[in-house]
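All remarks here apply to the structure that follows.
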Amino acid sequence: MNRRTLAFTIALSLTAAAMPLLAGTVVAPGTGKGTVNKSLEVEPGTAVKDVETVNGSIEIGDGGRADEVSTVNGGIRLGRDAAAQSIETVNGTIRAGDGLAVAEDIETVNGSIELGTGAVVGGSLGTVNGSIRASQGEVREDVETVNGKLLLSAMRIGGDVELVNGRVELMDASVVAGDVRVRESKRSGGWWGSKPKPPVVIIGAGSEVRGRILIENPDTKLYIHETARVAAVEGATAQRFQAESPE
């Protein structure tokens, strides 16, 4: 979804918020569909064009293929071996089965991203308030969240891995070509003035960070397995460990 389309759909959502949701609609093969208050479905093995809604969920069946897949208020679910040009929601979770192929980015703002094994993402994985989980696949650009967990197992990351508050786990010989960065939080306290939990970074057995580990938050806990390889660490003192996980 480009910026102009996103702005238009958000404006539509404000005017349609009080309207009742209608039943879901199946997108016909070879066509695209744009709607406001409907959920959309792409049947298994079907190839379609853009699939866009404002207030509704989107489901792509096993082996289904679409161009841009986007919603504002709703989740997105993709079956096994599904494919898309890009996937985007604002308020919702994105879940995919094994073998997902996405040419560009997968993005949400308020929600998590959960990918099955073997996903290949040509762009970035990103959320603001939510976690990201992926295994045995590849992301060719960045993986990032602001508030959440990044749980990456046997993954190949072509760019950076970044968060502010939460936890990063690079496990099972994952490789990050760029940096792992924990940015400093601009919020001084948590709920009711309590101090937020310190970020945690775990570089697991056999994993590798070819760039730097950059820690801007001095409270961050950094653990590096004895068999892991990192180019450099800045801003923190790493604790080495031998177990499967240090905590």
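Residues in the structure tokens are numbered from 1 in each chain, the chains being A, B, ... in the order shown, and ligands are numbered from 1 in the order shown.
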Would you kindly return, as a list of chain:residue names, each protein, DNA or RNA residue with an atom no farther than 8 Å from any atom of Glu138 (chain A), considering only C-alpha atoms and excluding same-chain residues fewer than 4 positions away? A:Gly118, A:Ala119, A:Val120, A:Val121, A:Met155, A:Arg156, A:Ile157, A:Gly158
Residues from the last selection, C-alpha atoms, saved as a PDB file, in the first residue's frame:
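The resulting file, result_38.pdb, is shown below:
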```pdb
ATOM      1  CA  GLY A 118      11.121 -21.317   5.354  1.00  0.00           C
ATOM      2  CA  ALA A 119       9.766 -17.828   4.723  1.00  0.00           C
ATOM      3  CA  VAL A 120      11.648 -15.647   2.228  1.00  0.00           C
ATOM      4  CA  VAL A 121      11.062 -11.894   2.543  1.00  0.00           C
ATOM      5  CA  MET A 155      17.398 -17.193  10.116  1.00  0.00           C
ATOM      6  CA  ARG A 156      19.455 -15.224   7.595  1.00  0.00           C
ATOM      7  CA  ILE A 157      19.026 -11.455   7.982  1.00  0.00           C
ATOM      8  CA  GLY A 158      20.504  -9.281   5.245  1.00  0.00           C
TER       9      GLY A 158
END
```
- [ ] Pick out the residues sitting within 9 Å of Val182 (chain A), and hand them over as a VMD selection string; count only C-alpha atoms, and ignore anything fewer than 6 positions along from it in its own chain.
- [x] chain A and resid 161 to 165 199 201 213 to 217 220
Selection to disk with C-alpha atoms, as a JSON list (two decimals), in the first residue's frame:
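Saved file selection26.json follows:
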```json
[["chain", "number", "residue", "atom", "x", "y", "z"],
["A", 161, "VAL", "CA", 18.06, -6.21, 13.76],
["A", 162, "GLU", "CA", 16.72, -3.43, 15.97],
["A", 163, "LEU", "CA", 14.47, -2.79, 18.99],
["A", 164, "VAL", "CA", 13.92, -0.37, 21.86],
["A", 165, "ASN", "CA", 12.07, -2.23, 24.62],
["A", 199, "PRO", "CA", 16.09, -5.05, 27.16],
["A", 201, "VAL", "CA", 19.87, -9.55, 23.76],
["A", 213, "ILE", "CA", 26.20, -4.99, 18.49],
["A", 214, "LEU", "CA", 25.28, -1.41, 19.42],
["A", 215, "ILE", "CA", 23.74, -0.90, 22.85],
["A", 216, "GLU", "CA", 22.38, 2.58, 23.58],
["A", 217, "ASN", "CA", 20.40, 1.59, 26.69],
["A", 220, "THR", "CA", 20.51, -3.85, 28.51]]
```
In Å and to one decimal, CA of His225 (chain A) is distant from CA of Asn147 (chain A) by 24.5 Å
Please give the complete set of residues from region 12-231 of chain A that DSSP, run on the backbone, assigns to alpha helix (DSSP H), formatted as JSON, numbers by chain. {"A": [12, 13, 14, 15, 16]}
Long-range neighbours of Ser131 (chain A) as a list in words, 8 Å cut-off, only C-alpha atoms, 3 positions minimum in chain: Gly111, Ser112, Ile113, Thr127, Thr145, Asn147, Gly148, Lys149, Leu150 and Leu151 of chain A
Review point. Could you name the residues that touch Leu125 (chain A) at 12 Å or less, counting only C-alpha atoms, but leaving out those on the same chain fewer than 6 positions away, as a PyMOL selection string?
Key: chain A and resi 86-88+94+102-109+112-115+119+131-134+138-145+150+152+157-162
Okay, now the selection with C-alpha atoms, as a PDB file, in the first residue's frame?
```pdb
ATOM      1  CA  SER A  86       3.792  -6.882   0.105  1.00  0.00           C
ATOM      2  CA  ILE A  87       1.747  -7.346   3.288  1.00  0.00           C
ATOM      3  CA  GLU A  88       0.615  -4.499   5.542  1.00  0.00           C
ATOM      4  CA  ILE A  94       0.044 -11.095  10.530  1.00  0.00           C
ATOM      5  CA  VAL A 102       7.015 -11.973  -0.104  1.00  0.00           C
ATOM      6  CA  ALA A 103       8.858  -9.783  -2.593  1.00  0.00           C
ATOM      7  CA  GLU A 104       8.879  -6.600  -0.496  1.00  0.00           C
ATOM      8  CA  ASP A 105       7.987  -5.710   3.140  1.00  0.00           C
ATOM      9  CA  ILE A 106       5.786  -7.214   5.825  1.00  0.00           C
ATOM     10  CA  GLU A 107       4.600  -4.486   8.221  1.00  0.00           C
ATOM     11  CA  THR A 108       2.165  -3.840  11.043  1.00  0.00           C
ATOM     12  CA  VAL A 109       1.948  -1.114  13.689  1.00  0.00           C
ATOM     13  CA  SER A 112       2.728  -9.233  15.934  1.00  0.00           C
ATOM     14  CA  ILE A 113       4.215 -11.014  12.925  1.00  0.00           C
ATOM     15  CA  GLU A 114       4.406 -14.817  13.079  1.00  0.00           C
ATOM     16  CA  LEU A 115       5.930 -16.660  10.126  1.00  0.00           C
ATOM     17  CA  ALA A 119       9.766 -17.828   4.723  1.00  0.00           C
ATOM     18  CA  SER A 131       6.694  -9.312  18.497  1.00  0.00           C
ATOM     19  CA  ILE A 132       8.214 -11.025  15.470  1.00  0.00           C
ATOM     20  CA  ARG A 133       8.805 -14.776  15.260  1.00  0.00           C
ATOM     21  CA  ALA A 134      10.451 -16.520  12.289  1.00  0.00           C
ATOM     22  CA  GLU A 138      15.518 -15.370   5.099  1.00  0.00           C
ATOM     23  CA  VAL A 139      14.817 -11.641   5.425  1.00  0.00           C
ATOM     24  CA  ARG A 140      16.909  -9.673   2.961  1.00  0.00           C
ATOM     25  CA  GLU A 141      16.646  -6.313   4.705  1.00  0.00           C
ATOM     26  CA  ASP A 142      15.884  -5.296   8.350  1.00  0.00           C
ATOM     27  CA  VAL A 143      13.938  -6.842  11.225  1.00  0.00           C
ATOM     28  CA  GLU A 144      12.695  -4.365  13.830  1.00  0.00           C
ATOM     29  CA  THR A 145      10.245  -3.622  16.604  1.00  0.00           C
ATOM     30  CA  LEU A 150      12.355 -10.609  18.098  1.00  0.00           C
ATOM     31  CA  LEU A 152      14.705 -15.561  15.227  1.00  0.00           C
ATOM     32  CA  ILE A 157      19.026 -11.455   7.982  1.00  0.00           C
ATOM     33  CA  GLY A 158      20.504  -9.281   5.245  1.00  0.00           C
ATOM     34  CA  GLY A 159      20.194  -5.971   7.121  1.00  0.00           C
ATOM     35  CA  ASP A 160      19.969  -4.871  10.759  1.00  0.00           C
ATOM     36  CA  VAL A 161      18.062  -6.206  13.757  1.00  0.00           C
ATOM     37  CA  GLU A 162      16.718  -3.433  15.970  1.00  0.00           C
TER      38      GLU A 162
END
```
Gap from CA of Val27 (chain A) to CA of Ala96 (chain A) - Å, one decimal: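 CA of Ala96 (chain A) lies at a distance of 18.8 Å from CA of Val27 (chain A).
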Exercise for review: List the neighbours of Gln239 (chain A) out to 8 Å using only C-alpha atoms; skip same-chain residues closer than 4 positions along the sequence, and give me the result as a PyMOL selection string.
Suggested key: chain A and resi 222-224
For the residues selected in the previous step, produce a file with N, CA and C atoms as a PDB file, in the first residue's frame.
```
ATOM      1  N   LEU A 222      23.199  -8.302  27.874  1.00  0.00           N
ATOM      2  CA  LEU A 222      23.727  -8.876  26.642  1.00  0.00           C
ATOM      3  C   LEU A 222      24.402 -10.209  26.934  1.00  0.00           C
ATOM      4  N   TYR A 223      23.913 -11.254  26.264  1.00  0.00           N
ATOM      5  CA  TYR A 223      24.479 -12.594  26.440  1.00  0.00           C
ATOM      6  C   TYR A 223      24.940 -13.108  25.080  1.00  0.00           C
ATOM      7  N   ILE A 224      26.163 -13.645  25.039  1.00  0.00           N
ATOM      8  CA  ILE A 224      26.723 -14.191  23.807  1.00  0.00           C
ATOM      9  C   ILE A 224      27.229 -15.604  24.082  1.00  0.00           C
TER      10      ILE A 224
END
```
Counting only C-alpha atoms, the residue among A:Val176, A:Ile60, A:Leu40, A:Val233 that lies closest to Ala82 (chain A) is A:Ile60
- Message: Between A:Gly34, A:Gly204, A:Pro29, A:Pro246, which residue has the minimum interatomic distance to Val69 (chain A), considering only C-alpha atoms?
- Response: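 Residue with the minimum atom-to-atom distance to Val69 (chain A): A:Gly34.
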Using Å and a single decimal, report how far CA of Glu41 (chain A) sits from CA of Gly126 (chain A).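 CA of Glu41 (chain A) lies 23.7 Å from CA of Gly126 (chain A).
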query = Which residues in region 65-195 of chain A does DSSP call strand (DSSP E)? List them as a ChimeraX atom specification.
reply = /A:65-70,76-78,83-88,94-96,101-102,106-107,113-117,120-121,125-126,132-135,138-139,143-144,147-153,156-157,161-163,165-171,175-176,180-182
All residues 10 Å or closer to Gly79 (chain A), only C-alpha atoms, same chain fewer than 3 positions away omitted, as an NGL selection string: :A and (43-44 or 59-64 or 82-83 or 95-100 or 116)
Leaving out Ala66 (chain A) and any residue of its chain fewer than 2 positions from it, which residues lie within 7 Å of it when counting only C-alpha atoms, given as a list in words?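 Residues meeting the cut-off are Ala47, Val48, Lys49, Asp50, Gly64, Glu68, Val69, Ala83, Ala84 and Gln85 of chain A.
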